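> Sharing my_file.txt (compact mmCIF, C-alpha atoms) below.
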```
# COMPACT_ATOMS: atom_id res chain seq x y z
CA MET T 1500 0.00 0.00 0.00
CA ARG T 1501 1.05 3.64 -0.38
CA GLN T 1502 1.71 5.54 2.83
CA VAL T 1503 4.13 8.02 4.38
CA PRO T 1504 6.52 6.07 6.64
CA ASP T 1505 7.33 7.40 10.11
CA GLY T 1506 9.85 10.22 9.91
CA ASP T 1507 9.43 10.55 6.15
CA THR T 1508 7.69 13.22 4.13
CA ARG T 1509 6.72 11.28 1.00
CA GLU T 1510 4.39 8.48 0.14
CA ARG T 1511 6.19 5.17 -0.43
CA SER T 1512 5.19 1.60 -1.19
CA VAL T 1513 4.97 -0.10 2.19
CA CYS T 1514 4.17 -3.74 2.88
CA ARG T 1515 1.20 -3.89 5.24
CA ASP T 1516 2.37 -7.21 6.66
CA CYS T 1517 5.97 -6.51 7.58
CA GLY T 1518 6.41 -2.77 7.14
CA TYR T 1519 9.09 -3.11 4.43
CA VAL T 1520 9.45 0.24 2.66
CA SER T 1521 10.24 0.05 -1.05
CA TYR T 1522 12.11 3.27 -1.82
CA GLU T 1523 12.07 4.03 -5.50
CA ASN T 1524 15.11 6.12 -6.27
CA PRO T 1525 16.63 7.66 -9.35
CA LYS T 1526 19.16 5.48 -11.10
CA VAL T 1527 22.65 6.41 -12.24
CA VAL T 1528 23.57 5.93 -15.89
CA VAL T 1529 27.27 6.04 -16.76
CA GLY T 1530 28.57 6.38 -20.30
CA SER T 1531 31.31 7.76 -22.50
CA VAL T 1532 32.04 9.71 -25.60
CA VAL T 1533 34.99 7.68 -26.86
CA ALA T 1534 36.97 9.60 -29.48
CA HIS T 1535 39.76 8.48 -31.78
CA GLY T 1536 41.37 10.66 -34.42
CA GLY T 1537 38.50 13.16 -34.23
CA ARG T 1538 35.86 10.47 -34.67
CA VAL T 1539 33.40 9.27 -32.01
CA LEU T 1540 32.28 5.75 -31.16
CA LEU T 1541 28.57 4.99 -31.50
CA CYS T 1542 26.64 1.77 -31.03
CA ARG T 1543 23.51 0.82 -32.97
CA ARG T 1544 21.06 -0.63 -30.47
CA ALA T 1545 20.13 -4.30 -30.92
CA ILE T 1546 17.53 -4.10 -28.15
CA GLU T 1547 14.50 -2.05 -27.21
CA PRO T 1548 13.94 0.74 -26.46
CA ARG T 1549 15.03 2.51 -29.64
CA ARG T 1550 16.30 -0.62 -31.35
CA GLY T 1551 18.17 0.28 -34.54
CA PHE T 1552 19.08 3.77 -33.32
CA TRP T 1553 22.56 4.95 -32.40
CA THR T 1554 23.71 5.57 -28.86
CA LEU T 1555 26.81 5.98 -26.73
CA PRO T 1556 28.22 3.05 -24.76
CA ALA T 1557 26.30 3.67 -21.54
CA GLY T 1558 24.13 1.91 -19.02
CA TYR T 1559 23.10 1.56 -15.40
CA LEU T 1560 25.75 1.76 -12.72
CA GLU T 1561 25.83 -1.44 -10.67
CA LEU T 1562 26.17 -1.77 -6.91
CA GLY T 1563 29.81 -1.88 -5.82
CA GLU T 1564 31.11 0.05 -8.83
CA SER T 1565 32.59 3.51 -8.99
CA ILE T 1566 31.28 5.68 -11.81
CA GLU T 1567 34.60 5.20 -13.65
CA GLU T 1568 34.43 1.40 -13.32
CA GLY T 1569 30.85 1.43 -14.59
CA ALA T 1570 31.67 3.54 -17.63
CA ARG T 1571 34.58 1.28 -18.56
CA ARG T 1572 32.43 -1.84 -18.10
CA GLU T 1573 29.68 -0.47 -20.32
CA ALA T 1574 32.17 0.36 -23.10
CA PHE T 1575 33.44 -3.18 -22.90
CA GLU T 1576 29.98 -4.78 -22.79
CA GLU T 1577 28.43 -2.73 -25.58
CA ALA T 1578 31.41 -2.04 -27.84
CA GLU T 1579 34.07 -4.53 -26.68
CA ALA T 1580 36.32 -1.52 -26.24
CA GLN T 1581 38.95 -1.04 -23.56
CA ILE T 1582 38.83 2.66 -22.76
CA ALA T 1583 40.66 5.24 -20.64
CA LEU T 1584 38.72 8.14 -19.14
CA ASP T 1585 39.79 11.78 -19.33
CA GLY T 1586 37.18 13.04 -16.85
CA ILE T 1587 33.54 14.00 -16.55
CA LEU T 1588 32.18 15.62 -19.71
CA ALA T 1589 28.57 16.11 -18.62
CA VAL T 1590 26.06 15.39 -15.88
CA TYR T 1591 22.42 15.28 -16.94
CA SER T 1592 19.24 15.00 -14.89
CA ILE T 1593 16.64 13.03 -16.79
CA SER T 1594 14.13 13.49 -14.00
CA ARG T 1595 11.28 12.58 -16.35
CA ILE T 1596 12.43 8.96 -16.12
CA GLY T 1597 14.31 9.09 -12.83
CA GLN T 1598 17.88 9.08 -14.15
CA VAL T 1599 21.09 10.94 -13.46
CA GLN T 1600 23.58 10.45 -16.29
CA VAL T 1601 27.31 10.89 -15.80
CA ILE T 1602 29.07 11.02 -19.19
CA PHE T 1603 32.86 10.83 -19.49
CA ARG T 1604 35.22 11.96 -22.20
CA ALA T 1605 37.26 8.90 -23.13
CA ARG T 1606 39.70 7.38 -25.58
CA PHE T 1607 40.85 3.87 -26.36
CA ALA T 1608 43.17 2.50 -23.69
CA ASP T 1609 45.60 1.52 -26.44
CA THR T 1610 45.37 4.27 -29.01
CA ALA T 1611 47.67 2.29 -31.32
CA ASP T 1612 45.05 -0.45 -31.39
CA PRO T 1613 41.57 1.10 -31.20
CA ALA T 1614 39.76 -2.23 -31.18
CA PHE T 1615 35.97 -2.44 -30.93
CA ALA T 1616 33.15 -4.78 -31.94
CA PRO T 1617 29.45 -5.10 -31.21
CA GLY T 1618 28.61 -6.60 -27.82
CA PRO T 1619 25.36 -8.51 -27.25
CA GLU T 1620 23.24 -5.34 -26.98
CA SER T 1621 24.68 -3.70 -30.10
CA ALA T 1622 23.90 -4.50 -33.74
CA GLU T 1623 26.84 -2.47 -35.01
CA VAL T 1624 29.60 -0.27 -33.58
CA ALA T 1625 31.43 2.37 -35.58
CA LEU T 1626 33.60 5.47 -35.40
CA PHE T 1627 31.94 8.50 -36.98
CA ALA T 1628 33.45 11.76 -38.14
CA TRP T 1629 31.35 14.67 -36.86
CA SER T 1630 29.83 15.33 -40.29
CA ASP T 1631 28.90 11.66 -40.71
CA ILE T 1632 27.04 11.24 -37.41
CA PRO T 1633 23.55 9.90 -38.21
CA TRP T 1634 21.73 12.75 -36.43
CA ASP T 1635 18.30 11.52 -37.53
CA GLU T 1636 18.92 8.11 -36.03
CA ILE T 1637 20.15 9.06 -32.56
CA ALA T 1638 18.46 7.02 -29.82
CA PHE T 1639 18.01 9.55 -26.99
CA PRO T 1640 18.17 13.34 -26.49
CA SER T 1641 21.06 13.00 -24.02
CA VAL T 1642 23.18 11.28 -26.70
CA ARG T 1643 22.87 14.39 -28.83
CA TRP T 1644 23.59 16.61 -25.79
CA SER T 1645 26.69 14.56 -24.99
CA LEU T 1646 27.99 14.78 -28.53
CA ASP T 1647 27.45 18.56 -28.52
CA ALA T 1648 29.24 18.79 -25.16
CA TRP T 1649 32.11 16.74 -26.57
CA GLN T 1650 32.42 18.92 -29.67
CA SER T 1651 32.98 22.01 -27.51
CA ARG T 1652 35.33 20.16 -25.12
CA ALA T 1653 37.07 17.66 -27.39
CA HIS T 1654 40.63 18.62 -26.46
CA GLY T 1655 42.62 19.89 -23.52
CA PRO T 1656 41.74 19.87 -19.85
CA LEU T 1657 38.09 19.33 -19.07
CA GLY T 1658 36.44 22.22 -17.27
CA ALA T 1659 33.04 22.33 -15.63
CA PRO T 1660 30.76 19.54 -16.88
CA ALA T 1661 27.92 20.35 -19.24
CA GLY T 1662 24.41 20.09 -17.84
CA ASN T 1663 20.95 19.84 -19.35
CA PRO T 1664 20.68 22.33 -22.23
CA ALA T 1665 18.48 25.22 -21.09
CA GLU T 1666 16.64 25.23 -24.38
CA ASP T 1667 15.69 21.55 -24.33
CA PRO T 1668 13.19 20.60 -21.60
CA ARG T 1669 13.06 16.91 -22.45
CA GLY T 1670 15.14 15.87 -19.47
CA SER T 1671 13.47 17.94 -16.82
CA ARG T 1672 9.78 17.49 -17.45
CA ARG T 1673 8.63 16.16 -14.12
CA LEU T 1674 7.82 12.54 -13.61
CA GLN T 1675 4.26 12.23 -12.35
CA PRO T 1676 4.20 10.37 -9.02
CA GLU T 1677 1.55 8.04 -10.46
CA ALA T 1678 3.82 7.02 -13.29
CA SER T 1679 6.57 6.03 -10.87
CA THR T 1680 4.44 3.39 -9.20
CA PRO T 1681 5.09 0.03 -10.84
CA GLU T 1682 2.22 -2.02 -12.11
CA ALA T 1683 0.55 -4.01 -9.37
CA CYS T 1684 2.84 -6.93 -8.81
CA ARG T 1685 2.89 -9.71 -6.27
CA ILE T 1686 6.25 -9.79 -4.55
CA GLY T 1687 6.22 -13.12 -2.81
CA SER T 1688 7.83 -13.97 0.49
CA ALA T 1689 10.27 -16.14 -1.44
CA LEU T 1690 12.13 -13.13 -2.79
CA MET G 121 15.28 -16.06 -4.57
CA ARG G 122 18.59 -15.05 -6.14
CA GLN G 123 18.97 -15.81 -9.85
CA VAL G 124 20.27 -14.30 -13.08
CA PRO G 125 17.27 -13.00 -15.06
CA ASP G 126 17.02 -13.72 -18.80
CA GLY G 127 19.29 -11.43 -20.76
CA ASP G 128 21.11 -10.27 -17.64
CA THR G 129 24.59 -11.09 -16.39
CA ARG G 130 24.16 -10.62 -12.65
CA GLU G 131 22.30 -12.33 -9.88
CA ARG G 132 19.22 -10.39 -8.74
CA SER G 133 16.42 -10.91 -6.23
CA VAL G 134 13.60 -12.46 -8.23
CA CYS G 135 10.13 -13.40 -6.97
CA ARG G 136 9.55 -17.07 -7.70
CA ASP G 137 5.79 -16.53 -7.96
CA CYS G 138 5.52 -13.63 -10.40
CA GLY G 139 9.05 -13.13 -11.74
CA TYR G 140 9.34 -9.58 -10.40
CA VAL G 141 13.02 -8.59 -10.47
CA SER G 142 14.16 -6.34 -7.66
CA TYR G 143 17.11 -4.40 -9.07
CA GLU G 144 19.25 -2.95 -6.32
CA ASN G 145 20.96 0.09 -7.71
CA PRO G 146 23.31 2.71 -6.39
CA LYS G 147 21.59 5.78 -5.00
CA VAL G 148 22.31 9.41 -5.76
CA VAL G 149 23.12 11.76 -2.88
CA VAL G 150 22.98 15.48 -3.60
CA GLY G 151 24.43 18.10 -1.30
CA SER G 152 26.09 21.48 -1.08
CA VAL G 153 28.94 23.39 0.42
CA VAL G 154 27.09 26.63 1.17
CA ALA G 155 29.54 29.48 1.81
CA HIS G 156 28.97 32.98 3.14
CA GLY G 157 31.70 35.49 3.84
CA GLY G 158 34.34 32.77 3.71
CA ARG G 159 32.49 30.56 6.19
CA VAL G 160 30.76 27.27 5.40
CA LEU G 161 27.40 25.93 6.56
CA LEU G 162 27.42 22.70 8.56
CA CYS G 163 24.61 20.79 10.23
CA ARG G 164 24.96 18.74 13.40
CA ARG G 165 23.06 15.51 12.86
CA ALA G 166 20.04 14.90 15.09
CA ILE G 167 19.57 11.39 13.69
CA GLU G 168 21.57 8.22 13.22
CA PRO G 169 23.91 7.34 11.68
CA ARG G 170 26.57 9.61 13.17
CA ARG G 171 24.16 11.54 15.39
CA GLY G 172 25.91 14.54 16.94
CA PHE G 173 28.48 14.80 14.16
CA TRP G 174 28.66 17.59 11.60
CA THR G 175 27.69 17.17 7.97
CA LEU G 176 26.77 19.13 4.87
CA PRO G 177 23.15 19.67 3.90
CA ALA G 178 22.78 16.59 1.69
CA GLY G 179 20.56 13.60 1.14
CA TYR G 180 19.02 11.19 -1.31
CA LEU G 181 17.77 12.51 -4.62
CA GLU G 182 14.06 11.79 -5.04
CA LEU G 183 12.29 10.55 -8.16
CA GLY G 184 11.21 13.42 -10.39
CA GLU G 185 13.91 15.81 -9.19
CA SER G 186 16.89 17.19 -11.03
CA ILE G 187 20.14 17.11 -9.08
CA GLU G 188 19.89 20.89 -8.61
CA GLU G 189 16.33 20.66 -7.27
CA GLY G 190 17.39 17.92 -4.87
CA ALA G 191 20.34 19.88 -3.53
CA ARG G 192 18.17 22.95 -2.93
CA ARG G 193 15.49 20.85 -1.21
CA GLU G 194 18.03 19.23 1.12
CA ALA G 195 19.44 22.62 2.12
CA PHE G 196 15.94 23.75 2.95
CA GLU G 197 14.98 20.58 4.82
CA GLU G 198 18.14 20.28 6.88
CA ALA G 199 19.17 23.90 7.32
CA GLU G 200 16.03 25.88 6.39
CA ALA G 201 18.27 27.71 3.94
CA GLN G 202 17.27 29.02 0.53
CA ILE G 203 20.36 28.53 -1.61
CA ALA G 204 21.63 29.29 -5.12
CA LEU G 205 24.00 26.86 -6.83
CA ASP G 206 27.24 27.87 -8.57
CA GLY G 207 27.84 24.46 -10.15
CA ILE G 208 29.17 20.99 -9.41
CA LEU G 209 32.06 21.04 -6.95
CA ALA G 210 32.66 17.29 -6.69
CA VAL G 211 31.36 13.88 -7.73
CA TYR G 212 32.23 11.00 -5.40
CA SER G 213 31.69 7.26 -5.80
CA ILE G 214 31.03 5.71 -2.42
CA SER G 215 30.78 2.27 -3.96
CA ARG G 216 31.30 0.65 -0.57
CA ILE G 217 27.74 1.64 0.29
CA GLY G 218 26.28 2.01 -3.20
CA GLN G 219 26.23 5.81 -3.46
CA VAL G 220 27.15 8.43 -6.01
CA GLN G 221 27.40 11.86 -4.40
CA VAL G 222 27.04 15.06 -6.41
CA ILE G 223 28.16 18.03 -4.32
CA PHE G 224 27.50 21.62 -5.41
CA ARG G 225 29.20 24.87 -4.51
CA ALA G 226 26.45 27.17 -3.27
CA ARG G 227 25.61 30.41 -1.53
CA PHE G 228 22.52 31.83 0.11
CA ALA G 229 19.89 32.86 -2.43
CA ASP G 230 19.67 36.21 -0.66
CA THR G 231 23.19 37.03 0.45
CA ALA G 232 21.90 40.10 2.30
CA ASP G 233 19.82 37.77 4.48
CA PRO G 234 21.72 34.49 5.01
CA ALA G 235 18.96 32.88 7.04
CA PHE G 236 19.27 29.34 8.35
CA ALA G 237 17.95 27.21 11.20
CA PRO G 238 17.95 23.53 12.12
CA GLY G 239 15.45 21.39 10.24
CA PRO G 240 13.99 18.22 11.80
CA GLU G 241 17.11 16.12 11.08
CA SER G 242 19.56 18.70 12.45
CA ALA G 243 20.34 19.50 16.09
CA GLU G 244 22.23 22.65 15.20
CA VAL G 245 23.25 24.57 12.07
CA ALA G 246 26.13 27.02 11.95
CA LEU G 247 28.56 28.87 9.70
CA PHE G 248 32.18 27.97 10.40
CA ALA G 249 35.35 29.77 9.45
CA TRP G 250 37.86 27.32 7.99
CA SER G 251 40.00 27.31 11.14
CA ASP G 252 36.96 26.68 13.34
CA ILE G 253 35.61 23.63 11.49
CA PRO G 254 35.24 20.79 14.02
CA TRP G 255 37.44 18.37 12.05
CA ASP G 256 37.28 15.72 14.77
CA GLU G 257 33.51 15.70 14.69
CA ILE G 258 32.85 15.40 10.96
CA ALA G 259 30.21 12.77 10.16
CA PHE G 260 31.51 11.17 6.94
CA PRO G 261 34.75 11.07 4.91
CA SER G 262 33.06 12.69 1.91
CA VAL G 263 32.17 15.74 4.03
CA ARG G 264 35.86 16.29 4.63
CA TRP G 265 36.62 15.67 0.95
CA SER G 266 33.96 18.19 -0.07
CA LEU G 267 35.31 20.83 2.29
CA ASP G 268 38.83 20.28 0.94
CA ALA G 269 37.48 20.54 -2.62
CA TRP G 270 35.71 23.76 -1.70
CA GLN G 271 38.83 25.27 -0.14
CA SER G 272 40.73 24.88 -3.41
CA ARG G 273 37.77 26.05 -5.51
CA ALA G 274 36.08 28.60 -3.26
CA HIS G 275 36.05 31.45 -5.78
CA GLY G 276 35.79 32.06 -9.49
CA PRO G 277 34.50 29.75 -12.20
CA LEU G 278 34.28 26.10 -11.24
CA GLY G 279 36.50 23.82 -13.29
CA ALA G 280 36.49 20.05 -13.41
CA PRO G 281 34.78 18.52 -10.37
CA ALA G 282 36.86 16.89 -7.67
CA GLY G 283 36.65 13.12 -7.40
CA ASN G 284 37.53 10.58 -4.73
CA PRO G 285 40.94 11.48 -3.27
CA ALA G 286 43.48 8.97 -4.57
CA GLU G 287 45.06 8.63 -1.15
CA ASP G 288 41.81 7.80 0.67
CA PRO G 289 40.30 4.42 -0.25
CA ARG G 290 37.28 4.68 2.04
CA GLY G 291 34.87 5.38 -0.80
CA SER G 292 36.00 2.73 -3.21
CA ARG G 293 36.41 -0.34 -1.09
CA ARG G 294 34.10 -2.75 -2.86
CA LEU G 295 30.73 -3.62 -1.46
CA GLN G 296 30.52 -7.37 -0.99
CA PRO G 297 27.53 -8.77 -2.91
CA GLU G 298 26.36 -10.49 0.30
CA ALA G 299 26.24 -7.18 2.11
CA SER G 300 23.96 -5.72 -0.54
CA THR G 301 21.23 -8.27 0.05
CA PRO G 302 18.75 -6.87 2.54
CA GLU G 303 17.89 -8.84 5.63
CA ALA G 304 15.30 -11.51 4.95
CA CYS G 305 12.05 -9.63 4.73
CA ARG G 306 8.57 -10.62 3.76
CA ILE G 307 7.35 -8.38 0.99
CA GLY G 308 3.62 -9.08 1.01
CA SER G 309 1.26 -9.01 -1.91
CA ALA G 310 -0.28 -5.89 -0.37
CA LEU G 311 2.69 -3.74 -1.37
```
Can the structure from this file be put into structure tokens for me?

Amino acid sequence: MRQVPDGDTRERSVCRDCGYVSYENPKVVVGSVVAHGGRVLLCRRAIEPRRGFWTLPAGYLELGESIEEGARREAFEEAEAQIALDGILAVYSISRIGQVQVIFRARFADTADPAFAPGPESAEVALFAWSDIPWDEIAFPSVRWSLDAWQSRAHGPLGAPAGNPAEDPRGSRRLQPEASTPEACRIGSAL
Amino acid sequence: MRQVPDGDTRERSVCRDCGYVSYENPKVVVGSVVAHGGRVLLCRRAIEPRRGFWTLPAGYLELGESIEEGARREAFEEAEAQIALDGILAVYSISRIGQVQVIFRARFADTADPAFAPGPESAEVALFAWSDIPWDEIAFPSVRWSLDAWQSRAHGPLGAPAGNPAEDPRGSRRLQPEASTPEACRIGSAL
């Protein structure tokens, strides 16, 4: 049932039998703009959502990982690329879907051997020159934002991270509380 | 029960009745170093953990919030302070306990009236000159890290955010998978 737990100020999902409070929190997405010789690495999605569209190697941070470890793991899982991170390129709030995205500027760990290949969630992985990026087939707004952030910070020391573009409200439209409640679902005692 | 869901690579808590997968993800903490006239705002904790120790106004990001909204809300809840954010001062991975912390540099929204007072989770709130900070009574390592980051970035444009100090491993010691599994708990169908 939905109720405000003791000492809390928000309604949460609470088990009426044992009092377990299911906190639903934003998730952290970690990803990278991996560049090599002025070109950037993109992955064509083999899975929904946005199957067939191009994205950065990125995904949910796992428990026990630092943000850097997560970004390197995602590059390996989605693009079979060993990468080295320069630093944080951008931090986006996609509050509409309960995400915080931390995007790094990165390069191949061995720049003499910029090896990559599609991982299980990618149909294709490729390096694109800026003018060849398939802008009409980009999977998510924050991929475009990240590429724009990279273009203005491609070289030299990284300064302050980019944030949500002021002119694009697609990240910050509020999530309705109703929409955050999962479909009714029996969570058995055998969990 | 614990099992690897289809298409996944990690063991998760899965309900054997309905297949519900309980993903346990890192949580986002947002907070601020709020400075006024060279002094910084600290809150003495009225609640566990680390009751009686000093911390920054900070807490868990809620669903539907941007990181900036969350940081402003926490400053209001814990220190009854209306603040304005300069930008991201630091991003820490506290992977030991499954947290990513985004810490802002901030000031009072109305610098002519730097009002603050203890919120329900604070026993006391005060502005401290650097030399008066109660270093032996700081609640968490990342509070110290944030204050150090602020001292070296107190004025002017913010550059690249600080990260975990290389010499202090307390954030990055890995969380054991066992430790991430909550105590056995009946989650009833009435959730």
> Measure the distance from CA of Ile258 in chain G to CA of Pro234 in chain G in Å and round it to one decimal.
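Going from CA of Ile258 in chain G over to CA of Pro234 in chain G, I get 22.9 Å.
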> Identify, on the basis of only C-alpha atoms, every residue whose closest approach to range 179-188 of chain G does not exceed 10 Å; exclude the query and any residue fewer than 6 positions from it along the same chain; express the result as a PDB file with C-alpha atoms, in the frame of the given file.

```pdb
ATOM      1  CA  ARG T1509       6.720  11.280   1.000  1.00  0.00           C
ATOM      2  CA  TYR T1522      12.110   3.270  -1.820  1.00  0.00           C
ATOM      3  CA  GLU T1523      12.070   4.030  -5.500  1.00  0.00           C
ATOM      4  CA  ASN T1524      15.110   6.120  -6.270  1.00  0.00           C
ATOM      5  CA  PRO T1525      16.630   7.660  -9.350  1.00  0.00           C
ATOM      6  CA  LYS T1526      19.160   5.480 -11.100  1.00  0.00           C
ATOM      7  CA  VAL T1590      26.060  15.390 -15.880  1.00  0.00           C
ATOM      8  CA  TYR T1591      22.420  15.280 -16.940  1.00  0.00           C
ATOM      9  CA  SER T1592      19.240  15.000 -14.890  1.00  0.00           C
ATOM     10  CA  ILE T1593      16.640  13.030 -16.790  1.00  0.00           C
ATOM     11  CA  SER T1594      14.130  13.490 -14.000  1.00  0.00           C
ATOM     12  CA  ARG T1595      11.280  12.580 -16.350  1.00  0.00           C
ATOM     13  CA  ILE T1596      12.430   8.960 -16.120  1.00  0.00           C
ATOM     14  CA  GLY T1597      14.310   9.090 -12.830  1.00  0.00           C
ATOM     15  CA  GLN T1598      17.880   9.080 -14.150  1.00  0.00           C
ATOM     16  CA  VAL T1599      21.090  10.940 -13.460  1.00  0.00           C
ATOM     17  CA  ASN T1663      20.950  19.840 -19.350  1.00  0.00           C
ATOM     18  CA  GLY T1670      15.140  15.870 -19.470  1.00  0.00           C
ATOM     19  CA  SER T1671      13.470  17.940 -16.820  1.00  0.00           C
ATOM     20  CA  ARG T1672       9.780  17.490 -17.450  1.00  0.00           C
ATOM     21  CA  ARG T1673       8.630  16.160 -14.120  1.00  0.00           C
ATOM     22  CA  LEU T1674       7.820  12.540 -13.610  1.00  0.00           C
ATOM     23  CA  GLN T1675       4.260  12.230 -12.350  1.00  0.00           C
ATOM     24  CA  PRO T1676       4.200  10.370  -9.020  1.00  0.00           C
ATOM     25  CA  SER T1679       6.570   6.030 -10.870  1.00  0.00           C
TER      26      SER T1679
ATOM     27  CA  LYS G 147      21.590   5.780  -5.000  1.00  0.00           C
ATOM     28  CA  VAL G 148      22.310   9.410  -5.760  1.00  0.00           C
ATOM     29  CA  VAL G 149      23.120  11.760  -2.880  1.00  0.00           C
ATOM     30  CA  VAL G 150      22.980  15.480  -3.600  1.00  0.00           C
ATOM     31  CA  GLY G 151      24.430  18.100  -1.300  1.00  0.00           C
ATOM     32  CA  SER G 152      26.090  21.480  -1.080  1.00  0.00           C
ATOM     33  CA  GLU G 194      18.030  19.230   1.120  1.00  0.00           C
ATOM     34  CA  ALA G 195      19.440  22.620   2.120  1.00  0.00           C
ATOM     35  CA  GLU G 197      14.980  20.580   4.820  1.00  0.00           C
ATOM     36  CA  GLU G 198      18.140  20.280   6.880  1.00  0.00           C
ATOM     37  CA  ALA G 204      21.630  29.290  -5.120  1.00  0.00           C
ATOM     38  CA  LEU G 205      24.000  26.860  -6.830  1.00  0.00           C
ATOM     39  CA  GLY G 207      27.840  24.460 -10.150  1.00  0.00           C
ATOM     40  CA  ILE G 208      29.170  20.990  -9.410  1.00  0.00           C
ATOM     41  CA  GLN G 219      26.230   5.810  -3.460  1.00  0.00           C
ATOM     42  CA  VAL G 220      27.150   8.430  -6.010  1.00  0.00           C
ATOM     43  CA  GLN G 221      27.400  11.860  -4.400  1.00  0.00           C
ATOM     44  CA  VAL G 222      27.040  15.060  -6.410  1.00  0.00           C
ATOM     45  CA  ILE G 223      28.160  18.030  -4.320  1.00  0.00           C
ATOM     46  CA  PHE G 224      27.500  21.620  -5.410  1.00  0.00           C
TER      47      PHE G 224
END
```
> Can you tell me which residues surround range 239-250 of chain G at a distance of at most 6 Å, considering all atoms listed in the file, apart from same-chain residues fewer than 4 positions away, and format the answer as a list in words?
Arg159, Val160, Leu161, Leu162, Cys163, Arg164, Arg165, Ala166, Ile167, Glu197, Glu198, Ala199 and Glu200 of chain G
> Which neighbours of Pro169 in chain G fall inside 12 Å, counting only C-alpha atoms, when residues of the same chain fewer than 6 positions from it are skipped, and could you give them as a count of residues only?
4
> Measuring between only C-alpha atoms, which one of G:Trp265, G:Phe228, G:Trp270, G:Trp255 shows the shortest distance to Ala286 in chain G?
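For Ala286 in chain G, the nearest of the given residues is G:Trp265.
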> Please measure the separation of CA of Val1642 in chain T and CA of Phe1615 in chain T, giving the value in Å to one decimal.
19.2 Å
> Mind pulling up the distance from CA of Thr1508 in chain T to CA of Glu168 in chain G?
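About the pair CA of Glu168 in chain G and CA of Thr1508 in chain T: they are 17.3 Å apart.
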> Extract, using all atoms listed in the file, all DNA, RNA and protein residues at most 10 Å from His275 in chain G, discarding same-chain residues fewer than 5 positions from it, and format them as a PyMOL selection string.
chain G and resi 158+206+225+270
> Store the residues picked out above, limited to C-alpha atoms, as a CSV table (one decimal), in the coordinates of the input.

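Output contents, as saved in part_16.csv:
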```csv
chain,number,residue,atom,x,y,z
G,158,GLY,CA,34.3,32.8,3.7
G,206,ASP,CA,27.2,27.9,-8.6
G,225,ARG,CA,29.2,24.9,-4.5
G,270,TRP,CA,35.7,23.8,-1.7
```
> Restricting the calculation to all atoms listed in the file: of T:Gln1581, T:Glu1568, T:Asp1635, T:Gly1662, which residue gets closest to Asp1612 in chain T?
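Result for the nearest residue to Asp1612 in chain T: T:Gln1581.
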> Some atoms are missing, so please complete range 241-252 of chain G with N, CA and C atoms and return it as a PDB file, keeping the file's coordinate frame.

```pdb
ATOM      1  N   GLU G 241      16.031  17.110  10.977  1.00  0.00           N
ATOM      2  CA  GLU G 241      17.110  16.120  11.080  1.00  0.00           C
ATOM      3  C   GLU G 241      18.407  16.732  11.614  1.00  0.00           C
ATOM      4  N   SER G 242      18.352  18.020  11.971  1.00  0.00           N
ATOM      5  CA  SER G 242      19.560  18.700  12.450  1.00  0.00           C
ATOM      6  C   SER G 242      19.365  19.185  13.884  1.00  0.00           C
ATOM      7  N   ALA G 243      20.397  19.003  14.712  1.00  0.00           N
ATOM      8  CA  ALA G 243      20.340  19.500  16.090  1.00  0.00           C
ATOM      9  C   ALA G 243      20.794  20.948  16.159  1.00  0.00           C
ATOM     10  N   GLU G 244      21.590  21.337  15.173  1.00  0.00           N
ATOM     11  CA  GLU G 244      22.230  22.650  15.200  1.00  0.00           C
ATOM     12  C   GLU G 244      22.735  22.929  13.792  1.00  0.00           C
ATOM     13  N   VAL G 245      22.712  24.174  13.380  1.00  0.00           N
ATOM     14  CA  VAL G 245      23.250  24.570  12.070  1.00  0.00           C
ATOM     15  C   VAL G 245      24.073  25.821  12.294  1.00  0.00           C
ATOM     16  N   ALA G 246      25.274  25.860  11.701  1.00  0.00           N
ATOM     17  CA  ALA G 246      26.130  27.020  11.950  1.00  0.00           C
ATOM     18  C   ALA G 246      27.072  27.260  10.785  1.00  0.00           C
ATOM     19  N   LEU G 247      27.512  28.511  10.657  1.00  0.00           N
ATOM     20  CA  LEU G 247      28.560  28.870   9.700  1.00  0.00           C
ATOM     21  C   LEU G 247      29.905  28.810  10.421  1.00  0.00           C
ATOM     22  N   PHE G 248      30.867  28.128   9.798  1.00  0.00           N
ATOM     23  CA  PHE G 248      32.180  27.970  10.400  1.00  0.00           C
ATOM     24  C   PHE G 248      33.261  28.591   9.520  1.00  0.00           C
ATOM     25  N   ALA G 249      34.120  29.387  10.130  1.00  0.00           N
ATOM     26  CA  ALA G 249      35.350  29.770   9.450  1.00  0.00           C
ATOM     27  C   ALA G 249      36.212  28.514   9.309  1.00  0.00           C
ATOM     28  N   TRP G 250      37.070  28.512   8.282  1.00  0.00           N
ATOM     29  CA  TRP G 250      37.860  27.320   7.990  1.00  0.00           C
ATOM     30  C   TRP G 250      38.584  26.790   9.233  1.00  0.00           C
ATOM     31  N   SER G 251      39.179  27.717   9.984  1.00  0.00           N
ATOM     32  CA  SER G 251      40.000  27.310  11.140  1.00  0.00           C
ATOM     33  C   SER G 251      39.140  26.849  12.319  1.00  0.00           C
ATOM     34  N   ASP G 252      37.846  27.087  12.247  1.00  0.00           N
ATOM     35  CA  ASP G 252      36.960  26.680  13.340  1.00  0.00           C
ATOM     36  C   ASP G 252      36.178  25.405  13.039  1.00  0.00           C
TER      37      ASP G 252
END
```
